Structures are given as structure tokens and as C-alpha cells.
Amino acid sequence: MFDKFYQLNYWRFGFQSKLYDLLTPEAYWESARRCVQSVPVKKGQVLLDVGCGSGVLIDCMEDQLAFGLKYLGTDIQLSGLVRAQKKAEKHRDWGTALFQADFTHPLSVKKGSVDIITAHFSLYTIADRESRKKILSGLVETLKPRGLMVIVNPSREYSAIKIIGESVQWARERNGILSAWARALVLYPFTYLLGLRFIEKQLKADHWHAFGFAEMCEEMEEAGLSVVHSESVYAGCAHLVTGRKA
Ligand SMILES: C[S@@+](CC[C@H](N)C(=O)[O-])C[C@H]1O[C@@H](n2cnc3c(N)ncnc32)[C@H](O)[C@@H]1O
């Protein structure tokens with residue numbers, strides 16, 4: 001009941017109103033950058049972004065797209081895809097494509113055709129382990145041999161306050177003290193109230209899933225991936241794990 005309602009409405013409202021991008025905290029952008037940077041890209045490779053939302057990763061991969069990476073984004077929410085499409089249009093010549101799909105069903109992507117899969121804060125919306133197992137195995141089938149999958153999921157240490165604190169620090173480092181204050185006083189209270197605090201509550205109630213590090217690695221290994229890299233991101237509130245198919 002919960003899943004269905006929020007899958008349909010929470011993200012849809014954020015994407016349609018543009019609040020999702022506007023209120024995204026700096027620590028989240030940093031996590032997206034780490035996700036993109038953690039995969040070495042070769043010209044002509046295909047990257048499948050599962051649960052791409054409004055295309056936050058597209059914003060972080062200008063260099064990779066210019067270098068010849070082919071981006072394929074998919075999400076259940078048309079409203080997110082519309083936003084992502086606008087970002088992707090800037091890179092049309094470099095080969096970007098988006099399609100609507102529910103990842104709880106097999107995707108219409110040819111088996112063994114994808115070099116890299118990214119799932120940045122999308123798979124955690126599936127609370128049930130068995131369902132995630134099925135989804136992951138299906139995604140791994142679309143990877144080429146030796147293909148890479150980078151997954152970022154919230155950790156059990158998820159804390160809205162910590163994320164805001166680190167975001168203010170990042171804003172200060174990147175844009176100076178005035179920008180950091182503006183975010184801290186004007187923008188981030190809304191980020192906290194409308195976004196992070198809500199997500200924290202859903203994680204605590206296990207409507208969405210907060211992962212232990214070992215658990216996340218185990219699920220990836222069960223799906224046929226060998227863990228080749230891991231790091232803590234998002235103020236320690238998320239795990240980034242990269243796995244390679246045999
Ligand atoms: C937190 S957002 C992350 C979006 C994007 N990856 C980012 O980092 O900004 C979660 C995304 O997962 C998508 N999603 C959730 N369940 C899905 C499903 N069953 N099939 C496809 N996408 C789904 C949502 O629509 C939403 O866009």
C-alpha cells in the first residue's frame with residue numbers, strides 16, 4: 001500500500017515541481033559525482049542508469065559523454081524522464097536515450113549489451129530482499145562479461161542532520177561562505193523538511209531499505225558480481241559499491 005502510493009506520487013511531485021533538483025543537497029551531488037567518477041569509461045561504451053529520475057547523473061557526466069559514453073536512462077516516472085530528457089538533449093549528438101520502465105519487471109534491454117550499470121539511490125526503494133535479488137539478477141544479465149555495476153544505497157547510519165551539515169561544508173568549499181549561508185538558511189530547511197526527514201522516516205519504518213555494508217556486498221555477490229570497489233559517501237549515510245561481472 002505504502003510502496004505503491006509513494007512510488008507514484010512522492011517522486012512525481014518532486015520532479016514535476018522541479019523541487020527535486022532545486023532542493024538536492026550538495027552532499028548528494030557529491031555522491032553522484034563519485035558514482036560517475038568511480039567507473040573508468042572507454043569511448044563507445046554503453047551506460048544504463050537504472051532509476052535515473054530527473055537525470056542527476058547526466059549533470060555529472062559531461063566529460064564522459066563528450067568522450068563518447070552512450071547514456072541510456074530508465075525510470076518508472078515520466079515526470080523524471082521529461083526533466084532528464086531536457087538535460088540529455090544538450091548531449092544528443094553524443095548518444096543519449098531515455099525510456100520508461102518499471103525495474104521490478106525485466107527491462108527491454110538486450111542481454112549482454114551494457115558495459116556499465118549505475119543505480120544511484122534507486123534500488124533501496126524496494127524493501128523486500130527477494131524482490132531486490134530478482135531485480136539485481138535481471139540487471140546483471142544485461143551486462144557484458146566483465147561489465148561493471150555501481151550501486152549507491154542509503155546506509156543504516158542515515159541521518160538528515162548529518163547530510164545537511166556536510167552539504168553546508170561542501171557548499172562553502174565549492175562556492176564560498178555566502179553561498180553556504182544562503183543554502184543553510186534559505187534552501188536546506190526545505191531540503192530537510194520536505195526531503196531528507198521524510199526519507200529518514202521511511203528508512204526507519206523499512207518502507208524503503210537502509211543497508212548494512214556487508215549486506216549490500218552480499219546481495220551484489222549473490223547476483224553474480226565480484227565487489228571491486230567500495231566507499232562511504234553522502235556524509236557516511238550511504239554506501240557506494242562497485243561490482244564486476246565474471
Ligand atoms: C531517490 S530517486 C533517485 C533518482 C536518481 N537516480 C538520482 O540519483 O537523483 C529514486 C528513483 O527511483 C525510481 N524508481 C523507484 N521505483 C522504481 C521502479 N520500480 N522502476 C523504475 N524506477 C523506479 C523513482 O521513480 C525515482 O526516480
# chains A, B, ... in the order shown; residues from 1 in each chain; ligands from 1
$ closest_atom_pairs --of "chain A" --to "ligand 1" --cutoff "6 Å" --atoms "only C-alpha atoms and all ligand atoms" --output "CSV"
residue,atom,partner,partner_atom_place_in_ligand_line,distance
A:Gln7,CA,ligand 1,15 (C),5.8
A:Trp11,CA,ligand 1,25 (O),5.7
A:Gly51,CA,ligand 1,12 (O),4.1
A:Cys52,CA,ligand 1,6 (N),4.0
A:Gly53,CA,ligand 1,27 (O),3.3
A:Val56,CA,ligand 1,9 (O),4.8
A:Asp75,CA,ligand 1,22 (N),4.0
A:Ile76,CA,ligand 1,21 (C),3.9
A:Gln77,CA,ligand 1,25 (O),4.8
A:Ala101,CA,ligand 1,21 (C),5.7
A:Asp102,CA,ligand 1,20 (N),3.4
A:Phe103,CA,ligand 1,20 (N),4.0
A:Thr104,CA,ligand 1,19 (N),5.1
A:His120,CA,ligand 1,6 (N),4.4
A:Phe121,CA,ligand 1,3 (C),4.8
A:Ser122,CA,ligand 1,12 (O),4.0
A:Thr125,CA,ligand 1,15 (C),5.7
$ write_last_selection --atoms "C-alpha atoms" --output "PDB file, in the first residue's frame"
ATOM      1  CA  GLN A   7       6.307   5.269  -5.858  1.00  0.00           C
ATOM      2  CA  TRP A  11       8.987  11.399  -6.809  1.00  0.00           C
ATOM      3  CA  GLY A  51      16.014   4.716 -11.760  1.00  0.00           C
ATOM      4  CA  CYS A  52      17.581   7.775 -13.379  1.00  0.00           C
ATOM      5  CA  GLY A  53      14.936  10.170 -12.038  1.00  0.00           C
ATOM      6  CA  VAL A  56      21.195  13.976 -11.754  1.00  0.00           C
ATOM      7  CA  ASP A  75      12.740   5.276 -14.744  1.00  0.00           C
ATOM      8  CA  ILE A  76       9.141   4.457 -13.915  1.00  0.00           C
ATOM      9  CA  GLN A  77       8.283   8.167 -13.613  1.00  0.00           C
ATOM     10  CA  ALA A 101      10.166   1.137 -17.437  1.00  0.00           C
ATOM     11  CA  ASP A 102       9.454  -0.471 -14.094  1.00  0.00           C
ATOM     12  CA  PHE A 103      12.634  -2.207 -12.932  1.00  0.00           C
ATOM     13  CA  THR A 104      10.640  -4.746 -10.930  1.00  0.00           C
ATOM     14  CA  HIS A 120      22.192   5.815  -7.683  1.00  0.00           C
ATOM     15  CA  PHE A 121      19.662   5.793  -4.815  1.00  0.00           C
ATOM     16  CA  SER A 122      17.046   3.788  -6.691  1.00  0.00           C
ATOM     17  CA  THR A 125      13.023   1.836  -2.736  1.00  0.00           C
TER      18      THR A 125
END
$ residues_around --residues "stretch 214-229 of chain A" --least-positions-apart "5" --cutoff "10 Å" --atoms "only C-alpha atoms" --output "VMD selection string"
chain A and resid 38 to 39 129 to 130 132 to 141 146 to 153 155 239 to 246
$ closest_residue --among "A:Lys144, A:Lys43, A:Arg33, A:His207" --to "A:Phe67" --atoms "only C-alpha atoms"
A:Lys43
$ select_by_dssp --residues "stretch 40-140 of chain A" --states "alpha helix (DSSP H)" --output "PyMOL selection string"
chain A and resi 56-60+62-67+78-89+129-140
$ residues_around --residues "A:Arg83" --least-positions-apart "6" --cutoff "10 Å" --atoms "only C-alpha atoms" --output "list in words"
Phe15, Gln16, Lys18, Asp21, Gly53, Ser54, Gly55 and Val56 of chain A
$ closest_residue --among "A:Leu143, A:Ile177, A:Leu196, A:Met61" --to "A:Tyr158" --atoms "only C-alpha atoms"
A:Leu196
$ select_by_dssp --residues "stretch 21-85 of chain A" --states "strand (DSSP E)" --output "number ranges by chain"
A: 46-50, 70-75
$ write_last_selection --atoms "C-alpha atoms" --output "PDB file, in the first residue's frame"
ATOM      1  CA  VAL A  46      27.031   1.936 -23.023  1.00  0.00           C
ATOM      2  CA  LEU A  47      25.951   3.029 -19.529  1.00  0.00           C
ATOM      3  CA  LEU A  48      22.494   2.077 -18.245  1.00  0.00           C
ATOM      4  CA  ASP A  49      21.243   4.353 -15.427  1.00  0.00           C
ATOM      5  CA  VAL A  50      18.525   2.470 -13.538  1.00  0.00           C
ATOM      6  CA  LYS A  70      26.440   6.314 -24.601  1.00  0.00           C
ATOM      7  CA  TYR A  71      23.911   7.050 -21.838  1.00  0.00           C
ATOM      8  CA  LEU A  72      20.718   5.038 -21.502  1.00  0.00           C
ATOM      9  CA  GLY A  73      18.443   6.218 -18.667  1.00  0.00           C
ATOM     10  CA  THR A  74      15.325   4.493 -17.401  1.00  0.00           C
ATOM     11  CA  ASP A  75      12.740   5.276 -14.744  1.00  0.00           C
TER      12      ASP A  75
END
$ closest_residue --among "A:Leu81, A:Pro145, A:Lys86, A:Val36" --to "A:Gln64" --atoms "only C-alpha atoms"
A:Val36
$ closest_residue --among "A:Leu194, A:Gly95, A:Gln100, A:Ser179" --to "A:Leu19" --atoms "only C-alpha atoms"
A:Leu194
$ residues_around --residues "A:Lys87" --least-positions-apart "3" --cutoff "8 Å" --atoms "only C-alpha atoms" --output "PyMOL selection string"
chain A and resi 55+58-59+83-84+90-91
$ residues_around --residues "stretch 232-237 of chain A" --least-positions-apart "6" --cutoff "10 Å" --atoms "only C-alpha atoms" --output "ChimeraX atom specification"
/A:25-32,34-35,152-167,210-211,213
$ write_last_selection --atoms "C-alpha atoms" --output "PDB file, in the first residue's frame"
ATOM      1  CA  PRO A  25      21.763  18.950  -1.121  1.00  0.00           C
ATOM      2  CA  GLU A  26      25.392  19.400  -2.095  1.00  0.00           C
ATOM      3  CA  ALA A  27      26.378  16.090  -0.434  1.00  0.00           C
ATOM      4  CA  TYR A  28      24.012  14.283  -2.816  1.00  0.00           C
ATOM      5  CA  TRP A  29      25.631  15.945  -5.855  1.00  0.00           C
ATOM      6  CA  GLU A  30      28.973  14.851  -4.447  1.00  0.00           C
ATOM      7  CA  SER A  31      27.732  11.263  -4.170  1.00  0.00           C
ATOM      8  CA  ALA A  32      26.510  11.415  -7.790  1.00  0.00           C
ATOM      9  CA  ARG A  34      31.666   9.887  -7.021  1.00  0.00           C
ATOM     10  CA  CYS A  35      29.303   7.376  -8.657  1.00  0.00           C
ATOM     11  CA  VAL A 152      24.627   3.644  -4.162  1.00  0.00           C
ATOM     12  CA  ASN A 153      22.139   2.976  -1.367  1.00  0.00           C
ATOM     13  CA  PRO A 154      21.395   4.636   1.979  1.00  0.00           C
ATOM     14  CA  SER A 155      23.245   3.183   4.946  1.00  0.00           C
ATOM     15  CA  ARG A 156      21.838   2.244   8.356  1.00  0.00           C
ATOM     16  CA  GLU A 157      23.562   5.387   9.679  1.00  0.00           C
ATOM     17  CA  TYR A 158      21.327   7.629   7.538  1.00  0.00           C
ATOM     18  CA  SER A 159      20.889  10.982   9.287  1.00  0.00           C
ATOM     19  CA  ALA A 160      19.205  14.006   7.705  1.00  0.00           C
ATOM     20  CA  ILE A 161      21.076  16.358  10.053  1.00  0.00           C
ATOM     21  CA  LYS A 162      24.485  14.898   9.105  1.00  0.00           C
ATOM     22  CA  ILE A 163      23.674  15.240   5.385  1.00  0.00           C
ATOM     23  CA  ILE A 164      22.699  18.895   5.796  1.00  0.00           C
ATOM     24  CA  GLY A 165      25.849  19.574   7.841  1.00  0.00           C
ATOM     25  CA  GLU A 166      28.150  18.055   5.224  1.00  0.00           C
ATOM     26  CA  SER A 167      26.252  19.814   2.430  1.00  0.00           C
ATOM     27  CA  ALA A 210      18.750   1.182   4.670  1.00  0.00           C
ATOM     28  CA  PHE A 211      21.696  -1.145   4.012  1.00  0.00           C
ATOM     29  CA  PHE A 213      27.739  -2.533   4.087  1.00  0.00           C
TER      30      PHE A 213
END
$ atom_distance --atom1 "atom CA of A:Arg12" --atom2 "atom CA of A:Val186"
23.5 Å
$ closest_residue --among "A:Ser131, A:Gly14, A:Leu65, A:Asn175" --to "A:His105" --atoms "only C-alpha atoms"
A:Ser131
